[in-house]
Amino acid sequence: MAIERTFSIIKPDATRRNLTGQINARLEAAGLRIVGQKRKQLTEAEAKAFYAVHAARPFYNDLVAFMTSGPVVLQVLEGENAVAANREVMGATNPADAADGTIRKDFAESIEANSVHGSDSPENAAIEISYFFAGCEITS
Ligand code: GDP
């Protein structure tokens, strides 16, 4: 199987509740290696650009406000089929639909404040990683 990289964000609802370590333990238990990580307060411009694909959605402004409401932890994760492996351990977007044992089932507060972001394809992972990380900030 292919070793690949994916992009992850620990969202403001989770950093506010000091859950970074617990979420990282879930990621590592799922076979993912954290090969890049930094804590950052997103600017409004950064959040808007990152979620530009959702600009037409009714929740876009709320989502941008939420993502800038506190610090986030930006991560590059590496492992076998990392994109799919991370989506699996994250769980469904809406925690009400998330499977038992997933991060969102156990930690998310709502469909918006759902604790983590994970890339949905290897192509988007590459775009998202390069948006937030320089190559020299990632070490396998
Ligand atoms: P993801 O790939 O599972 O994160 O889901 P999406 O790409 O569809 O949505 C991006 C993010 O927008 C989600 O993780 C949520 O934080 C937020 N979001 C998605 N759907 C809704 C919604 O119906 N209402 C609100 N308020 N936020 C949403």
# chains A, B, ... in the order shown; residues from 1 in each chain; ligands from 1
$ select_by_dssp --residues "chain A" --states "helix (DSSP H, G or I)" --output "MDAnalysis selection string"
chainID A and resid 12:16 20:29 44:50 52:54 60:67 82:90 95:97 103:107 122:132 135:137
$ residues_around --residues "region 113-115 of chain A" --least-positions-apart "2" --cutoff "9 Å" --atoms "only C-alpha atoms" --output "PyMOL selection string"
chain A and resi 9-15+19+23+63+66-67+90+93-95+103-105+107-111+117
$ select_by_dssp --residues "chain A" --states "strand (DSSP E or B)" --output "list in words"
Ile3, Glu4, Arg5, Thr6, Phe7, Ser8, Ile9, Ile10, Arg33, Ile34, Val35, Gly36, Gln37, Lys38, Arg39, Lys40, Val72, Val73, Leu74, Gln75, Val76, Leu77, Glu78, Gly79, Glu80, Val116, His117 and Gly118 of chain A
$ closest_residue --among "A:Ala125, A:Ala99, A:Val35, A:Ala92" --to "ligand 1" --atoms "only C-alpha atoms and all ligand atoms"
A:Ala92
$ atom_distance --atom1 "CA of Glu78 (chain A)" --atom2 "CA of Thr6 (chain A)"
6.5 Å
$ atom_distance --atom1 "atom 19 (C, counted along the ligand's line) of ligand 1" --atom2 "CA of Glu46 (chain A)"
17.7 Å
$ residues_around --residues "Ala134 (chain A)" --least-positions-apart "5" --cutoff "12 Å" --atoms "only C-alpha atoms" --output "tab-separated table (two decimals) with all heavy atoms, in the first residue's frame"
chain	number	residue	atom	x	y	z
A	36	GLY	N	4.49	16.96	10.62
A	36	GLY	CA	4.56	18.41	10.68
A	36	GLY	C	3.42	18.90	11.56
A	36	GLY	O	2.32	18.34	11.50
A	37	GLN	N	3.71	19.89	12.40
A	37	GLN	CA	2.65	20.36	13.30
A	37	GLN	C	2.99	21.76	13.79
A	37	GLN	O	4.11	22.03	14.19
A	37	GLN	CB	2.53	19.41	14.50
A	37	GLN	CG	1.48	19.82	15.52
A	37	GLN	CD	1.22	18.72	16.55
A	37	GLN	OE1	0.21	18.06	16.52
A	37	GLN	NE2	2.17	18.53	17.46
A	38	LYS	N	1.99	22.64	13.78
A	38	LYS	CA	2.19	23.97	14.38
A	38	LYS	C	0.84	24.55	14.81
A	38	LYS	O	-0.18	24.32	14.17
A	38	LYS	CB	2.91	24.92	13.43
A	38	LYS	CG	2.28	25.11	12.06
A	38	LYS	CD	3.25	25.86	11.15
A	38	LYS	CE	2.71	25.95	9.73
A	38	LYS	NZ	3.69	26.55	8.80
A	76	VAL	N	0.54	17.88	9.32
A	76	VAL	CA	0.75	16.98	8.19
A	76	VAL	C	0.88	15.57	8.77
A	76	VAL	O	1.70	15.33	9.66
A	76	VAL	CB	2.02	17.34	7.40
A	76	VAL	CG1	2.18	16.41	6.21
A	76	VAL	CG2	1.96	18.79	6.94
A	126	ALA	N	-2.41	17.69	-1.01
A	126	ALA	CA	-1.20	18.37	-1.49
A	126	ALA	C	-1.40	19.88	-1.53
A	126	ALA	O	-0.52	20.66	-1.13
A	126	ALA	CB	-0.82	17.85	-2.88
A	127	ILE	N	-2.59	20.31	-1.97
A	127	ILE	CA	-2.89	21.75	-2.03
A	127	ILE	C	-2.92	22.34	-0.62
A	127	ILE	O	-2.34	23.40	-0.35
A	127	ILE	CB	-4.24	21.97	-2.75
A	127	ILE	CG1	-4.13	21.59	-4.23
A	127	ILE	CG2	-4.71	23.43	-2.59
A	127	ILE	CD1	-5.47	21.48	-4.95
A	128	GLU	N	-3.60	21.65	0.29
A	128	GLU	CA	-3.77	22.17	1.65
A	128	GLU	C	-2.44	22.19	2.41
A	128	GLU	O	-2.15	23.13	3.14
A	128	GLU	CB	-4.83	21.34	2.38
A	128	GLU	CG	-6.23	21.53	1.78
A	128	GLU	CD	-7.28	20.59	2.34
A	128	GLU	OE1	-6.95	19.72	3.18
A	128	GLU	OE2	-8.45	20.74	1.95
A	129	ILE	N	-1.62	21.14	2.24
A	129	ILE	CA	-0.31	21.11	2.91
A	129	ILE	C	0.54	22.27	2.43
A	129	ILE	O	1.13	23.01	3.23
A	129	ILE	CB	0.40	19.76	2.65
A	129	ILE	CG1	-0.31	18.63	3.41
A	129	ILE	CG2	1.88	19.85	3.07
A	129	ILE	CD1	0.14	17.23	3.02
A	139	THR	N	9.05	16.71	8.38
A	139	THR	CA	10.15	15.74	8.49
A	139	THR	C	9.59	14.35	8.73
A	139	THR	O	8.95	14.11	9.76
A	139	THR	CB	11.08	16.11	9.67
A	139	THR	OG1	11.48	17.47	9.52
A	139	THR	CG2	12.30	15.21	9.68
$ residues_around --residues "Gly31 (chain A)" --least-positions-apart "2" --cutoff "12 Å" --atoms "only C-alpha atoms" --output "ChimeraX atom specification"
/A:3-4,24-29,33-34,77-86,88-89
$ write_last_selection --atoms "N, CA, C and O atoms" --output "PDB file, in the first residue's frame"
ATOM      1  N   ILE A   3       2.406   4.814   0.888  1.00  0.00           N
ATOM      2  CA  ILE A   3       2.585   5.806   1.949  1.00  0.00           C
ATOM      3  C   ILE A   3       2.219   7.160   1.354  1.00  0.00           C
ATOM      4  O   ILE A   3       2.738   7.550   0.308  1.00  0.00           O
ATOM      5  N   GLU A   4       1.286   7.850   1.987  1.00  0.00           N
ATOM      6  CA  GLU A   4       0.912   9.175   1.500  1.00  0.00           C
ATOM      7  C   GLU A   4       0.788  10.137   2.671  1.00  0.00           C
ATOM      8  O   GLU A   4       0.881   9.738   3.831  1.00  0.00           O
ATOM      9  N   ASN A  24      -4.286  13.729  19.106  1.00  0.00           N
ATOM     10  CA  ASN A  24      -3.057  13.191  18.517  1.00  0.00           C
ATOM     11  C   ASN A  24      -2.890  11.708  18.841  1.00  0.00           C
ATOM     12  O   ASN A  24      -2.431  10.925  17.995  1.00  0.00           O
ATOM     13  N   ALA A  25      -3.280  11.300  20.043  1.00  0.00           N
ATOM     14  CA  ALA A  25      -3.181   9.875  20.396  1.00  0.00           C
ATOM     15  C   ALA A  25      -4.089   9.029  19.501  1.00  0.00           C
ATOM     16  O   ALA A  25      -3.712   7.922  19.087  1.00  0.00           O
ATOM     17  N   ARG A  26      -5.274   9.555  19.180  1.00  0.00           N
ATOM     18  CA  ARG A  26      -6.180   8.822  18.272  1.00  0.00           C
ATOM     19  C   ARG A  26      -5.557   8.692  16.875  1.00  0.00           C
ATOM     20  O   ARG A  26      -5.652   7.654  16.232  1.00  0.00           O
ATOM     21  N   LEU A  27      -4.951   9.799  16.417  1.00  0.00           N
ATOM     22  CA  LEU A  27      -4.333   9.779  15.087  1.00  0.00           C
ATOM     23  C   LEU A  27      -3.197   8.755  15.043  1.00  0.00           C
ATOM     24  O   LEU A  27      -3.087   7.957  14.103  1.00  0.00           O
ATOM     25  N   GLU A  28      -2.368   8.767  16.081  1.00  0.00           N
ATOM     26  CA  GLU A  28      -1.225   7.838  16.104  1.00  0.00           C
ATOM     27  C   GLU A  28      -1.695   6.395  16.240  1.00  0.00           C
ATOM     28  O   GLU A  28      -1.135   5.494  15.602  1.00  0.00           O
ATOM     29  N   ALA A  29      -2.733   6.171  17.021  1.00  0.00           N
ATOM     30  CA  ALA A  29      -3.265   4.809  17.174  1.00  0.00           C
ATOM     31  C   ALA A  29      -3.843   4.290  15.860  1.00  0.00           C
ATOM     32  O   ALA A  29      -3.918   3.075  15.640  1.00  0.00           O
ATOM     33  N   ARG A  33       1.396   9.124  11.358  1.00  0.00           N
ATOM     34  CA  ARG A  33       2.560   9.753  11.986  1.00  0.00           C
ATOM     35  C   ARG A  33       2.445  11.258  11.767  1.00  0.00           C
ATOM     36  O   ARG A  33       2.196  11.705  10.643  1.00  0.00           O
ATOM     37  N   ILE A  34       2.617  12.042  12.839  1.00  0.00           N
ATOM     38  CA  ILE A  34       2.533  13.507  12.731  1.00  0.00           C
ATOM     39  C   ILE A  34       3.916  13.999  12.307  1.00  0.00           C
ATOM     40  O   ILE A  34       4.838  14.062  13.116  1.00  0.00           O
ATOM     41  N   LEU A  77       0.032  14.673   8.289  1.00  0.00           N
ATOM     42  CA  LEU A  77       0.016  13.286   8.758  1.00  0.00           C
ATOM     43  C   LEU A  77       0.516  12.381   7.633  1.00  0.00           C
ATOM     44  O   LEU A  77       0.188  12.602   6.463  1.00  0.00           O
ATOM     45  N   GLU A  78       1.270  11.369   8.008  1.00  0.00           N
ATOM     46  CA  GLU A  78       1.842  10.461   7.017  1.00  0.00           C
ATOM     47  C   GLU A  78       1.538   9.022   7.410  1.00  0.00           C
ATOM     48  O   GLU A  78       1.579   8.685   8.600  1.00  0.00           O
ATOM     49  N   GLY A  79       1.256   8.195   6.442  1.00  0.00           N
ATOM     50  CA  GLY A  79       1.008   6.780   6.720  1.00  0.00           C
ATOM     51  C   GLY A  79       0.440   6.090   5.494  1.00  0.00           C
ATOM     52  O   GLY A  79       0.238   6.707   4.444  1.00  0.00           O
ATOM     53  N   GLU A  80       0.179   4.791   5.647  1.00  0.00           N
ATOM     54  CA  GLU A  80      -0.418   4.041   4.541  1.00  0.00           C
ATOM     55  C   GLU A  80      -1.834   4.558   4.312  1.00  0.00           C
ATOM     56  O   GLU A  80      -2.630   4.628   5.245  1.00  0.00           O
ATOM     57  N   ASN A  81      -2.113   4.926   3.076  1.00  0.00           N
ATOM     58  CA  ASN A  81      -3.440   5.466   2.718  1.00  0.00           C
ATOM     59  C   ASN A  81      -3.901   6.525   3.730  1.00  0.00           C
ATOM     60  O   ASN A  81      -5.016   6.461   4.260  1.00  0.00           O
ATOM     61  N   ALA A  82      -3.037   7.487   3.975  1.00  0.00           N
ATOM     62  CA  ALA A  82      -3.263   8.450   5.058  1.00  0.00           C
ATOM     63  C   ALA A  82      -4.564   9.233   4.902  1.00  0.00           C
ATOM     64  O   ALA A  82      -5.235   9.516   5.899  1.00  0.00           O
ATOM     65  N   VAL A  83      -4.933   9.578   3.671  1.00  0.00           N
ATOM     66  CA  VAL A  83      -6.162  10.372   3.484  1.00  0.00           C
ATOM     67  C   VAL A  83      -7.364   9.581   3.994  1.00  0.00           C
ATOM     68  O   VAL A  83      -8.149  10.072   4.810  1.00  0.00           O
ATOM     69  N   ALA A  84      -7.497   8.353   3.525  1.00  0.00           N
ATOM     70  CA  ALA A  84      -8.648   7.523   3.929  1.00  0.00           C
ATOM     71  C   ALA A  84      -8.557   7.130   5.397  1.00  0.00           C
ATOM     72  O   ALA A  84      -9.576   7.109   6.108  1.00  0.00           O
ATOM     73  N   ALA A  85      -7.352   6.818   5.858  1.00  0.00           N
ATOM     74  CA  ALA A  85      -7.192   6.417   7.264  1.00  0.00           C
ATOM     75  C   ALA A  85      -7.599   7.552   8.198  1.00  0.00           C
ATOM     76  O   ALA A  85      -8.256   7.330   9.226  1.00  0.00           O
ATOM     77  N   ASN A  86      -7.235   8.782   7.829  1.00  0.00           N
ATOM     78  CA  ASN A  86      -7.603   9.918   8.675  1.00  0.00           C
ATOM     79  C   ASN A  86      -9.097  10.178   8.620  1.00  0.00           C
ATOM     80  O   ASN A  86      -9.732  10.423   9.659  1.00  0.00           O
ATOM     81  N   GLU A  88     -11.350   8.062   8.232  1.00  0.00           N
ATOM     82  CA  GLU A  88     -12.017   7.016   9.017  1.00  0.00           C
ATOM     83  C   GLU A  88     -11.950   7.310  10.517  1.00  0.00           C
ATOM     84  O   GLU A  88     -12.949   7.206  11.219  1.00  0.00           O
ATOM     85  N   VAL A  89     -10.780   7.702  11.003  1.00  0.00           N
ATOM     86  CA  VAL A  89     -10.652   7.957  12.449  1.00  0.00           C
ATOM     87  C   VAL A  89     -11.339   9.266  12.840  1.00  0.00           C
ATOM     88  O   VAL A  89     -11.773   9.425  13.986  1.00  0.00           O
TER      89      VAL A  89
END
$ atom_distance --atom1 "atom 1 (P, counted along the ligand's line) of ligand 1" --atom2 "CA of Ile138 (chain A)"
23.6 Å
$ closest_residue --among "A:Gly135, A:Gly21, A:Pro122, A:Pro58" --to "ligand 1" --atoms "only C-alpha atoms and all ligand atoms"
A:Pro58
$ closest_residue --among "A:Asp106, A:Glu44, A:Phe50, A:Asp97" --to "Gln22 (chain A)" --atoms "only C-alpha atoms"
A:Asp106
$ closest_residue --among "A:Arg39, A:Leu32, A:Ala98, A:Glu123" --to "ligand 1" --atoms "only C-alpha atoms and all ligand atoms"
A:Ala98
$ closest_residue --among "A:Gly70, A:Ala49, A:Gly118, A:Thr43" --to "ligand 1" --atoms "only C-alpha atoms and all ligand atoms"
A:Gly118
